[in-house]
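Novice: Here's a structure for you.
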Amino acid sequence: MEKTTGQTTGMKERKPGNIFVEGPIDASFIADSIQKHSTKTEIGGHSIFLGQVRADIIDVKKIISIEYTAYKEMALEKMHTIREDMFVKYDLTCMHVYHSLGKVAAGEISLFVFTSSAHRKAAISACEETVGRIKRELPVWGKELFEDETWQWKKNEF
(Lines give C-alpha, C1' and ligand atoms only; values in the text may rest on other atoms or scores of the structure.)
Protein backbone atom coordinates (compact mmCIF):
# COMPACT_ATOMS: atom_id res chain seq x y z
CA MET A 1 0.00 0.00 0.00
CA GLU A 2 1.30 3.39 -0.92
CA LYS A 3 1.22 6.28 1.51
CA THR A 4 -0.41 9.50 0.49
CA THR A 5 2.00 12.38 0.09
CA GLY A 6 2.07 15.74 1.78
CA GLN A 7 2.36 14.76 5.41
CA THR A 8 4.19 17.91 6.44
CA THR A 9 3.17 20.77 8.65
CA GLY A 10 2.65 24.36 7.56
CA MET A 11 1.39 25.68 4.26
CA LYS A 12 3.85 23.77 2.10
CA GLU A 13 2.24 22.51 -1.13
CA ARG A 14 1.09 18.92 -0.82
CA LYS A 15 1.08 16.78 -3.94
CA PRO A 16 -1.78 14.40 -4.79
CA GLY A 17 -1.13 10.86 -3.68
CA ASN A 18 -2.66 7.51 -4.50
CA ILE A 19 -5.42 6.56 -2.06
CA PHE A 20 -6.41 3.30 -3.73
CA VAL A 21 -5.42 -0.20 -2.66
CA GLU A 22 -6.43 -3.51 -4.21
CA GLY A 23 -8.68 -5.55 -1.95
CA PRO A 24 -9.30 -5.04 1.77
CA ILE A 25 -7.16 -2.83 4.00
CA ASP A 26 -5.22 -5.02 6.44
CA ALA A 27 -5.44 -4.41 10.19
CA SER A 28 -1.64 -4.68 10.41
CA PHE A 29 -1.29 -1.80 7.91
CA ILE A 30 -3.65 0.32 10.03
CA ALA A 31 -1.72 -0.50 13.22
CA ASP A 32 1.59 0.28 11.53
CA SER A 33 0.22 3.64 10.30
CA ILE A 34 -0.77 4.55 13.85
CA GLN A 35 2.57 3.42 15.29
CA LYS A 36 4.54 5.57 12.83
CA HIS A 37 2.98 8.69 14.37
CA SER A 38 4.45 8.10 17.84
CA THR A 39 7.54 10.12 16.87
CA LYS A 40 5.48 13.15 15.78
CA THR A 41 5.39 14.99 19.08
CA GLU A 42 3.56 18.06 17.74
CA ILE A 43 0.40 15.94 17.43
CA GLY A 44 -2.05 16.02 20.33
CA GLY A 45 -4.97 14.13 18.80
CA HIS A 46 -5.79 11.58 16.13
CA SER A 47 -9.12 10.50 14.74
CA ILE A 48 -9.64 7.31 12.77
CA PHE A 49 -12.57 6.10 10.71
CA LEU A 50 -12.67 2.52 9.48
CA GLY A 51 -15.36 1.63 6.97
CA GLN A 52 -16.23 -2.06 7.14
CA VAL A 53 -18.35 -4.02 4.67
CA ARG A 54 -21.60 -5.11 6.33
CA ALA A 55 -23.42 -8.37 5.63
CA ASP A 56 -26.73 -6.55 5.21
CA ILE A 57 -29.87 -8.41 4.19
CA ILE A 58 -31.70 -6.67 1.36
CA ASP A 59 -34.95 -8.19 0.09
CA VAL A 60 -34.08 -11.44 1.92
CA LYS A 61 -30.67 -11.61 0.18
CA LYS A 62 -27.42 -11.38 2.16
CA ILE A 63 -24.48 -9.27 0.97
CA ILE A 64 -21.25 -11.31 0.96
CA SER A 65 -18.93 -8.66 -0.50
CA ILE A 66 -18.71 -5.35 -2.30
CA GLU A 67 -16.74 -4.87 -5.50
CA TYR A 68 -15.41 -1.29 -5.67
CA THR A 69 -14.58 0.55 -8.89
CA ALA A 70 -13.57 4.17 -9.44
CA TYR A 71 -12.84 6.79 -12.03
CA LYS A 72 -9.33 7.00 -10.56
CA GLU A 73 -8.00 10.16 -12.18
CA MET A 74 -11.04 12.22 -11.21
CA ALA A 75 -11.22 10.65 -7.74
CA LEU A 76 -7.57 11.45 -7.01
CA GLU A 77 -8.00 15.06 -8.14
CA LYS A 78 -11.13 15.43 -6.01
CA MET A 79 -9.44 13.79 -3.01
CA HIS A 80 -6.55 16.24 -3.33
CA THR A 81 -9.03 19.14 -3.18
CA ILE A 82 -10.77 17.65 -0.14
CA ARG A 83 -7.41 17.08 1.53
CA GLU A 84 -6.25 20.65 0.94
CA ASP A 85 -9.57 22.00 2.25
CA MET A 86 -9.23 19.95 5.44
CA PHE A 87 -5.63 21.05 6.07
CA VAL A 88 -6.62 24.70 5.80
CA LYS A 89 -9.93 24.49 7.68
CA TYR A 90 -8.66 22.35 10.59
CA ASP A 91 -4.91 23.10 10.67
CA LEU A 92 -4.10 19.40 10.39
CA THR A 93 -0.68 17.92 10.98
CA CYS A 94 -1.28 14.71 9.00
CA MET A 95 -4.00 13.06 6.96
CA HIS A 96 -4.07 9.61 5.41
CA VAL A 97 -6.87 8.19 3.28
CA TYR A 98 -7.01 4.70 1.77
CA HIS A 99 -9.94 3.25 -0.20
CA SER A 100 -10.25 -0.28 -1.50
CA LEU A 101 -10.79 -1.24 -5.11
CA GLY A 102 -11.88 -4.71 -6.17
CA LYS A 103 -13.65 -7.22 -3.95
CA VAL A 104 -13.89 -6.71 -0.21
CA ALA A 105 -15.72 -9.39 1.80
CA ALA A 106 -18.22 -8.68 4.57
CA GLY A 107 -16.30 -7.96 7.77
CA GLU A 108 -13.26 -6.52 5.99
CA ILE A 109 -12.13 -2.87 5.94
CA SER A 110 -12.65 -0.88 2.72
CA LEU A 111 -12.00 2.72 3.91
CA PHE A 112 -9.36 4.06 6.30
CA VAL A 113 -9.31 7.78 7.14
CA PHE A 114 -6.72 8.96 9.68
CA THR A 115 -6.44 12.64 10.67
CA SER A 116 -4.03 14.25 13.13
CA SER A 117 -3.80 17.69 14.66
CA ALA A 118 -2.36 19.51 17.63
CA HIS A 119 -5.82 19.26 19.25
CA ARG A 120 -8.39 16.43 19.29
CA LYS A 121 -11.45 18.45 18.24
CA ALA A 122 -9.83 19.48 14.95
CA ALA A 123 -8.75 15.90 14.21
CA ILE A 124 -12.23 14.52 14.99
CA SER A 125 -14.09 17.17 12.98
CA ALA A 126 -11.74 16.83 10.01
CA CYS A 127 -12.10 13.05 9.99
CA GLU A 128 -15.88 13.20 10.08
CA GLU A 129 -16.09 15.85 7.36
CA THR A 130 -13.59 14.00 5.17
CA VAL A 131 -15.58 10.75 5.32
CA GLY A 132 -18.77 12.61 4.39
CA ARG A 133 -17.12 14.35 1.47
CA ILE A 134 -15.56 11.10 0.21
CA LYS A 135 -19.00 9.45 0.16
CA ARG A 136 -20.64 12.44 -1.54
CA GLU A 137 -17.95 13.62 -3.96
CA LEU A 138 -15.60 10.83 -5.02
CA PRO A 139 -16.50 8.86 -8.17
CA VAL A 140 -16.22 5.49 -6.41
CA TRP A 141 -18.93 2.87 -6.85
CA GLY A 142 -19.70 -0.32 -4.98
CA LYS A 143 -21.40 -3.33 -6.46
CA GLU A 144 -23.06 -5.28 -3.62
CA LEU A 145 -22.67 -8.98 -4.32
CA PHE A 146 -25.25 -11.33 -2.81
CA GLU A 147 -25.02 -15.00 -1.76
CA ASP A 148 -27.24 -16.02 -4.69
CA GLU A 149 -24.70 -14.47 -7.14
CA THR A 150 -26.95 -11.51 -8.00
CA TRP A 151 -25.87 -7.92 -7.36
CA GLN A 152 -27.00 -4.31 -7.10
CA TRP A 153 -25.25 -0.94 -7.00
CA LYS A 154 -24.61 0.30 -3.46
CA LYS A 155 -26.43 3.45 -2.36
CA ASN A 156 -24.22 5.66 -0.20
CA GLU A 157 -25.78 7.04 2.95
CA PHE A 158 -24.55 10.50 3.86
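Labels for the C-alpha coordinates follow display order: chains A, B, ..., residues from 1 in each chain, ligands from 1.
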Write down as number ranges by chain the residues of region 91-158 of chain A whose backbone DSSP state falls under alpha helix (DSSP H).

Specialist: A: 120-137

Novice: Create the file for the chosen residues now, containing N, CA, C and O atoms and written as a PDB file, in the first residue's frame.

Specialist:
ATOM      1  N   ARG A 120      -7.473  17.525  19.649  1.00  0.00           N
ATOM      2  CA  ARG A 120      -8.392  16.433  19.294  1.00  0.00           C
ATOM      3  C   ARG A 120      -9.626  16.892  18.519  1.00  0.00           C
ATOM      4  O   ARG A 120     -10.050  16.217  17.594  1.00  0.00           O
ATOM      5  N   LYS A 121     -10.218  18.016  18.894  1.00  0.00           N
ATOM      6  CA  LYS A 121     -11.451  18.449  18.236  1.00  0.00           C
ATOM      7  C   LYS A 121     -11.241  18.673  16.743  1.00  0.00           C
ATOM      8  O   LYS A 121     -12.092  18.317  15.925  1.00  0.00           O
ATOM      9  N   ALA A 122     -10.122  19.257  16.370  1.00  0.00           N
ATOM     10  CA  ALA A 122      -9.827  19.481  14.955  1.00  0.00           C
ATOM     11  C   ALA A 122      -9.667  18.145  14.223  1.00  0.00           C
ATOM     12  O   ALA A 122     -10.194  17.960  13.127  1.00  0.00           O
ATOM     13  N   ALA A 123      -8.957  17.208  14.838  1.00  0.00           N
ATOM     14  CA  ALA A 123      -8.750  15.895  14.214  1.00  0.00           C
ATOM     15  C   ALA A 123     -10.080  15.166  14.038  1.00  0.00           C
ATOM     16  O   ALA A 123     -10.350  14.589  12.974  1.00  0.00           O
ATOM     17  N   ILE A 124     -10.929  15.211  15.049  1.00  0.00           N
ATOM     18  CA  ILE A 124     -12.227  14.522  14.988  1.00  0.00           C
ATOM     19  C   ILE A 124     -13.130  15.159  13.937  1.00  0.00           C
ATOM     20  O   ILE A 124     -13.725  14.463  13.113  1.00  0.00           O
ATOM     21  N   SER A 125     -13.233  16.476  13.956  1.00  0.00           N
ATOM     22  CA  SER A 125     -14.089  17.173  12.984  1.00  0.00           C
ATOM     23  C   SER A 125     -13.601  16.956  11.559  1.00  0.00           C
ATOM     24  O   SER A 125     -14.402  16.732  10.644  1.00  0.00           O
ATOM     25  N   ALA A 126     -12.305  17.033  11.354  1.00  0.00           N
ATOM     26  CA  ALA A 126     -11.739  16.831  10.013  1.00  0.00           C
ATOM     27  C   ALA A 126     -11.995  15.419   9.517  1.00  0.00           C
ATOM     28  O   ALA A 126     -12.329  15.217   8.345  1.00  0.00           O
ATOM     29  N   CYS A 127     -11.861  14.449  10.379  1.00  0.00           N
ATOM     30  CA  CYS A 127     -12.095  13.051   9.989  1.00  0.00           C
ATOM     31  C   CYS A 127     -13.547  12.855   9.570  1.00  0.00           C
ATOM     32  O   CYS A 127     -13.832  12.293   8.514  1.00  0.00           O
ATOM     33  N   GLU A 128     -14.460  13.344  10.382  1.00  0.00           N
ATOM     34  CA  GLU A 128     -15.885  13.198  10.081  1.00  0.00           C
ATOM     35  C   GLU A 128     -16.255  13.898   8.771  1.00  0.00           C
ATOM     36  O   GLU A 128     -16.953  13.333   7.924  1.00  0.00           O
ATOM     37  N   GLU A 129     -15.775  15.119   8.590  1.00  0.00           N
ATOM     38  CA  GLU A 129     -16.090  15.846   7.364  1.00  0.00           C
ATOM     39  C   GLU A 129     -15.462  15.187   6.136  1.00  0.00           C
ATOM     40  O   GLU A 129     -16.078  15.114   5.075  1.00  0.00           O
ATOM     41  N   THR A 130     -14.260  14.671   6.283  1.00  0.00           N
ATOM     42  CA  THR A 130     -13.585  14.000   5.169  1.00  0.00           C
ATOM     43  C   THR A 130     -14.361  12.773   4.724  1.00  0.00           C
ATOM     44  O   THR A 130     -14.575  12.561   3.524  1.00  0.00           O
ATOM     45  N   VAL A 131     -14.805  11.956   5.666  1.00  0.00           N
ATOM     46  CA  VAL A 131     -15.578  10.755   5.321  1.00  0.00           C
ATOM     47  C   VAL A 131     -16.856  11.152   4.578  1.00  0.00           C
ATOM     48  O   VAL A 131     -17.188  10.559   3.546  1.00  0.00           O
ATOM     49  N   GLY A 132     -17.548  12.152   5.060  1.00  0.00           N
ATOM     50  CA  GLY A 132     -18.774  12.609   4.391  1.00  0.00           C
ATOM     51  C   GLY A 132     -18.507  13.086   2.975  1.00  0.00           C
ATOM     52  O   GLY A 132     -19.247  12.748   2.044  1.00  0.00           O
ATOM     53  N   ARG A 133     -17.443  13.846   2.811  1.00  0.00           N
ATOM     54  CA  ARG A 133     -17.124  14.350   1.468  1.00  0.00           C
ATOM     55  C   ARG A 133     -16.686  13.217   0.528  1.00  0.00           C
ATOM     56  O   ARG A 133     -17.017  13.242  -0.657  1.00  0.00           O
ATOM     57  N   ILE A 134     -15.953  12.253   1.041  1.00  0.00           N
ATOM     58  CA  ILE A 134     -15.560  11.099   0.213  1.00  0.00           C
ATOM     59  C   ILE A 134     -16.812  10.411  -0.311  1.00  0.00           C
ATOM     60  O   ILE A 134     -16.934  10.129  -1.500  1.00  0.00           O
ATOM     61  N   LYS A 135     -17.767  10.156   0.557  1.00  0.00           N
ATOM     62  CA  LYS A 135     -18.997   9.454   0.160  1.00  0.00           C
ATOM     63  C   LYS A 135     -19.837  10.265  -0.826  1.00  0.00           C
ATOM     64  O   LYS A 135     -20.469   9.706  -1.702  1.00  0.00           O
ATOM     65  N   ARG A 136     -19.837  11.589  -0.665  1.00  0.00           N
ATOM     66  CA  ARG A 136     -20.636  12.444  -1.538  1.00  0.00           C
ATOM     67  C   ARG A 136     -19.947  12.794  -2.852  1.00  0.00           C
ATOM     68  O   ARG A 136     -20.611  12.930  -3.882  1.00  0.00           O
ATOM     69  N   GLU A 137     -18.633  12.981  -2.834  1.00  0.00           N
ATOM     70  CA  GLU A 137     -17.954  13.617  -3.956  1.00  0.00           C
ATOM     71  C   GLU A 137     -17.048  12.723  -4.795  1.00  0.00           C
ATOM     72  O   GLU A 137     -16.788  13.052  -5.949  1.00  0.00           O
TER      73      GLU A 137
END

Novice: As number ranges by chain, please: the residues near Asp26 (chain A) (cut-off 12 Å, only C-alpha atoms, same-chain neighbours under 2 positions excluded).

Specialist: A: 1, 21-24, 28-33, 50, 52, 98-100, 104, 107-112

Novice: To one decimal place, how far is CA of Asn18 (chain A) from CA of Ala118 (chain A) in Å?

Specialist: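 These atoms are spaced 25.2 Å apart.
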
Novice: Show me, as number ranges by chain, the residues that have an atom within 12 Å of Thr150 (chain A) when counting only C-alpha atoms, minus same-chain residues fewer than 5 positions from it.

Specialist: A: 58-59, 61-66, 143-145

Novice: Limited to all heavy atoms, could you put the picked residues into a file as a short mmCIF file (atom, residue, chain, number, x, y, z; two decimals), in the first residue's frame?

Specialist:
data_model
loop_
_atom_site.label_atom_id
_atom_site.label_comp_id
_atom_site.auth_asym_id
_atom_site.auth_seq_id
_atom_site.Cartn_x
_atom_site.Cartn_y
_atom_site.Cartn_z
N ILE A 58 -30.86 -7.54 2.17
CA ILE A 58 -31.70 -6.67 1.36
C ILE A 58 -32.64 -7.55 0.56
O ILE A 58 -32.20 -8.40 -0.23
CB ILE A 58 -30.84 -5.79 0.42
CG1 ILE A 58 -29.88 -4.92 1.25
CG2 ILE A 58 -31.74 -4.93 -0.47
CD1 ILE A 58 -28.87 -4.17 0.44
N ASP A 59 -33.95 -7.36 0.77
CA ASP A 59 -34.95 -8.19 0.09
C ASP A 59 -34.64 -9.67 0.26
O ASP A 59 -34.60 -10.43 -0.71
CB ASP A 59 -35.04 -7.84 -1.40
CG ASP A 59 -35.49 -6.41 -1.62
OD1 ASP A 59 -36.27 -5.90 -0.78
OD2 ASP A 59 -35.06 -5.80 -2.61
N LYS A 61 -31.95 -11.16 0.73
CA LYS A 61 -30.67 -11.61 0.18
C LYS A 61 -29.54 -10.99 0.98
O LYS A 61 -29.56 -9.80 1.28
CB LYS A 61 -30.54 -11.22 -1.30
CG LYS A 61 -31.60 -11.86 -2.18
CD LYS A 61 -31.34 -11.67 -3.65
CE LYS A 61 -31.43 -10.23 -4.06
NZ LYS A 61 -31.32 -10.07 -5.52
N LYS A 62 -28.54 -11.82 1.33
CA LYS A 62 -27.42 -11.38 2.16
C LYS A 62 -26.23 -10.95 1.31
O LYS A 62 -25.81 -11.66 0.40
CB LYS A 62 -27.00 -12.53 3.09
CG LYS A 62 -25.93 -12.16 4.08
CD LYS A 62 -25.63 -13.35 4.98
CE LYS A 62 -24.57 -13.03 5.99
NZ LYS A 62 -24.29 -14.21 6.83
N ILE A 63 -25.68 -9.76 1.65
CA ILE A 63 -24.48 -9.27 0.97
C ILE A 63 -23.28 -10.06 1.49
O ILE A 63 -23.08 -10.19 2.70
CB ILE A 63 -24.26 -7.77 1.24
CG1 ILE A 63 -25.40 -6.95 0.64
CG2 ILE A 63 -22.90 -7.30 0.72
CD1 ILE A 63 -25.38 -5.48 1.01
N ILE A 64 -22.46 -10.58 0.56
CA ILE A 64 -21.25 -11.31 0.96
C ILE A 64 -19.99 -10.50 0.69
O ILE A 64 -18.95 -10.76 1.29
CB ILE A 64 -21.16 -12.69 0.29
CG1 ILE A 64 -21.15 -12.57 -1.23
CG2 ILE A 64 -22.29 -13.60 0.77
CD1 ILE A 64 -20.76 -13.85 -1.95
N SER A 65 -20.08 -9.52 -0.21
CA SER A 65 -18.93 -8.66 -0.50
C SER A 65 -19.39 -7.45 -1.31
O SER A 65 -20.52 -7.42 -1.80
CB SER A 65 -17.84 -9.43 -1.26
OG SER A 65 -18.32 -9.87 -2.51
N ILE A 66 -18.48 -6.50 -1.43
CA ILE A 66 -18.71 -5.35 -2.30
C ILE A 66 -17.51 -5.28 -3.24
O ILE A 66 -16.36 -5.42 -2.81
CB ILE A 66 -18.86 -4.04 -1.51
CG1 ILE A 66 -20.10 -4.09 -0.62
CG2 ILE A 66 -18.93 -2.84 -2.47
CD1 ILE A 66 -20.31 -2.84 0.24
N LYS A 143 -20.43 -2.34 -6.00
CA LYS A 143 -21.40 -3.33 -6.46
C LYS A 143 -21.58 -4.34 -5.33
O LYS A 143 -20.65 -5.06 -4.97
CB LYS A 143 -20.87 -4.03 -7.71
CG LYS A 143 -21.88 -4.96 -8.36
CD LYS A 143 -21.25 -5.81 -9.46
CE LYS A 143 -20.95 -4.99 -10.69
NZ LYS A 143 -20.49 -5.87 -11.81
N GLU A 144 -22.78 -4.35 -4.72
CA GLU A 144 -23.06 -5.28 -3.62
C GLU A 144 -23.35 -6.65 -4.21
O GLU A 144 -24.28 -6.82 -5.00
CB GLU A 144 -24.25 -4.79 -2.81
CG GLU A 144 -23.97 -3.47 -2.12
CD GLU A 144 -25.18 -2.85 -1.44
OE1 GLU A 144 -26.29 -2.90 -2.02
OE2 GLU A 144 -25.01 -2.30 -0.34
N LEU A 145 -22.54 -7.62 -3.80
CA LEU A 145 -22.67 -8.98 -4.32
C LEU A 145 -23.38 -9.84 -3.28
O LEU A 145 -22.98 -9.88 -2.11
CB LEU A 145 -21.29 -9.56 -4.64
CG LEU A 145 -20.44 -8.69 -5.58
CD1 LEU A 145 -19.03 -9.24 -5.69
CD2 LEU A 145 -21.09 -8.57 -6.95
#

Novice: Between CA of Trp151 (chain A) and CA of Met74 (chain A), what is the distance, to one decimal in Å?

Specialist: 25.3 Å

Novice: Using DSSP on the backbone coordinates, identify the residues of region 101-157 of chain A assigned to strand (DSSP E); present them as a PyMOL selection string.

Specialist: chain A and resi 101-105+109-117+140-146+151-153

Novice: Selected residues, N, CA and C atoms, written as a PDB file, in the first residue's frame, please.

Specialist:
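New file again_11.pdb:
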ATOM      1  N   LEU A 101     -10.231  -0.945  -3.795  1.00  0.00           N
ATOM      2  CA  LEU A 101     -10.788  -1.244  -5.109  1.00  0.00           C
ATOM      3  C   LEU A 101     -10.838  -2.765  -5.215  1.00  0.00           C
ATOM      4  N   GLY A 102     -11.733  -3.262  -6.061  1.00  0.00           N
ATOM      5  CA  GLY A 102     -11.879  -4.708  -6.175  1.00  0.00           C
ATOM      6  C   GLY A 102     -12.790  -5.240  -5.081  1.00  0.00           C
ATOM      7  N   LYS A 103     -12.751  -6.555  -4.899  1.00  0.00           N
ATOM      8  CA  LYS A 103     -13.654  -7.219  -3.950  1.00  0.00           C
ATOM      9  C   LYS A 103     -13.176  -7.117  -2.514  1.00  0.00           C
ATOM     10  N   VAL A 104     -14.137  -6.765  -1.646  1.00  0.00           N
ATOM     11  CA  VAL A 104     -13.893  -6.709  -0.209  1.00  0.00           C
ATOM     12  C   VAL A 104     -15.047  -7.470   0.449  1.00  0.00           C
ATOM     13  N   ALA A 105     -14.713  -8.519   1.182  1.00  0.00           N
ATOM     14  CA  ALA A 105     -15.723  -9.385   1.803  1.00  0.00           C
ATOM     15  C   ALA A 105     -16.346  -8.710   3.024  1.00  0.00           C
ATOM     16  N   ILE A 109     -12.210  -4.326   5.993  1.00  0.00           N
ATOM     17  CA  ILE A 109     -12.132  -2.866   5.939  1.00  0.00           C
ATOM     18  C   ILE A 109     -11.932  -2.405   4.497  1.00  0.00           C
ATOM     19  N   SER A 110     -12.744  -1.411   4.082  1.00  0.00           N
ATOM     20  CA  SER A 110     -12.649  -0.875   2.723  1.00  0.00           C
ATOM     21  C   SER A 110     -12.281   0.614   2.695  1.00  0.00           C
ATOM     22  N   LEU A 111     -12.348   1.293   3.838  1.00  0.00           N
ATOM     23  CA  LEU A 111     -12.001   2.715   3.905  1.00  0.00           C
ATOM     24  C   LEU A 111     -11.295   2.998   5.227  1.00  0.00           C
ATOM     25  N   PHE A 112     -10.163   3.693   5.131  1.00  0.00           N
ATOM     26  CA  PHE A 112      -9.360   4.063   6.297  1.00  0.00           C
ATOM     27  C   PHE A 112      -9.040   5.544   6.170  1.00  0.00           C
ATOM     28  N   VAL A 113      -9.587   6.342   7.096  1.00  0.00           N
ATOM     29  CA  VAL A 113      -9.311   7.778   7.141  1.00  0.00           C
ATOM     30  C   VAL A 113      -8.679   8.056   8.500  1.00  0.00           C
ATOM     31  N   PHE A 114      -7.519   8.726   8.474  1.00  0.00           N
ATOM     32  CA  PHE A 114      -6.721   8.959   9.678  1.00  0.00           C
ATOM     33  C   PHE A 114      -6.278  10.419   9.662  1.00  0.00           C
ATOM     34  N   THR A 115      -6.799  11.222  10.596  1.00  0.00           N
ATOM     35  CA  THR A 115      -6.444  12.636  10.668  1.00  0.00           C
ATOM     36  C   THR A 115      -5.733  12.926  11.988  1.00  0.00           C
ATOM     37  N   SER A 116      -4.805  13.870  11.946  1.00  0.00           N
ATOM     38  CA  SER A 116      -4.034  14.245  13.130  1.00  0.00           C
ATOM     39  C   SER A 116      -3.918  15.759  13.196  1.00  0.00           C
ATOM     40  N   SER A 117      -3.924  16.258  14.435  1.00  0.00           N
ATOM     41  CA  SER A 117      -3.803  17.691  14.655  1.00  0.00           C
ATOM     42  C   SER A 117      -3.206  17.930  16.036  1.00  0.00           C
ATOM     43  N   VAL A 140     -16.520   6.865  -6.818  1.00  0.00           N
ATOM     44  CA  VAL A 140     -16.219   5.488  -6.413  1.00  0.00           C
ATOM     45  C   VAL A 140     -17.563   4.792  -6.268  1.00  0.00           C
ATOM     46  N   TRP A 141     -17.672   3.604  -6.874  1.00  0.00           N
ATOM     47  CA  TRP A 141     -18.931   2.870  -6.847  1.00  0.00           C
ATOM     48  C   TRP A 141     -18.722   1.492  -6.261  1.00  0.00           C
ATOM     49  N   GLY A 142     -19.749   1.015  -5.571  1.00  0.00           N
ATOM     50  CA  GLY A 142     -19.702  -0.315  -4.979  1.00  0.00           C
ATOM     51  C   GLY A 142     -20.820  -1.183  -5.517  1.00  0.00           C
ATOM     52  N   LYS A 143     -20.432  -2.344  -5.996  1.00  0.00           N
ATOM     53  CA  LYS A 143     -21.404  -3.331  -6.463  1.00  0.00           C
ATOM     54  C   LYS A 143     -21.579  -4.341  -5.331  1.00  0.00           C
ATOM     55  N   GLU A 144     -22.777  -4.353  -4.717  1.00  0.00           N
ATOM     56  CA  GLU A 144     -23.058  -5.279  -3.623  1.00  0.00           C
ATOM     57  C   GLU A 144     -23.347  -6.652  -4.213  1.00  0.00           C
ATOM     58  N   LEU A 145     -22.539  -7.620  -3.803  1.00  0.00           N
ATOM     59  CA  LEU A 145     -22.673  -8.980  -4.318  1.00  0.00           C
ATOM     60  C   LEU A 145     -23.382  -9.839  -3.278  1.00  0.00           C
ATOM     61  N   PHE A 146     -24.431 -10.528  -3.707  1.00  0.00           N
ATOM     62  CA  PHE A 146     -25.247 -11.331  -2.805  1.00  0.00           C
ATOM     63  C   PHE A 146     -24.872 -12.810  -2.876  1.00  0.00           C
ATOM     64  N   TRP A 151     -26.522  -9.111  -7.886  1.00  0.00           N
ATOM     65  CA  TRP A 151     -25.874  -7.918  -7.362  1.00  0.00           C
ATOM     66  C   TRP A 151     -26.748  -6.697  -7.581  1.00  0.00           C
ATOM     67  N   GLN A 152     -26.376  -5.613  -6.896  1.00  0.00           N
ATOM     68  CA  GLN A 152     -26.999  -4.310  -7.099  1.00  0.00           C
ATOM     69  C   GLN A 152     -25.970  -3.248  -6.751  1.00  0.00           C
ATOM     70  N   TRP A 153     -26.146  -2.042  -7.319  1.00  0.00           N
ATOM     71  CA  TRP A 153     -25.249  -0.941  -6.997  1.00  0.00           C
ATOM     72  C   TRP A 153     -25.542  -0.443  -5.582  1.00  0.00           C
TER      73      TRP A 153
END
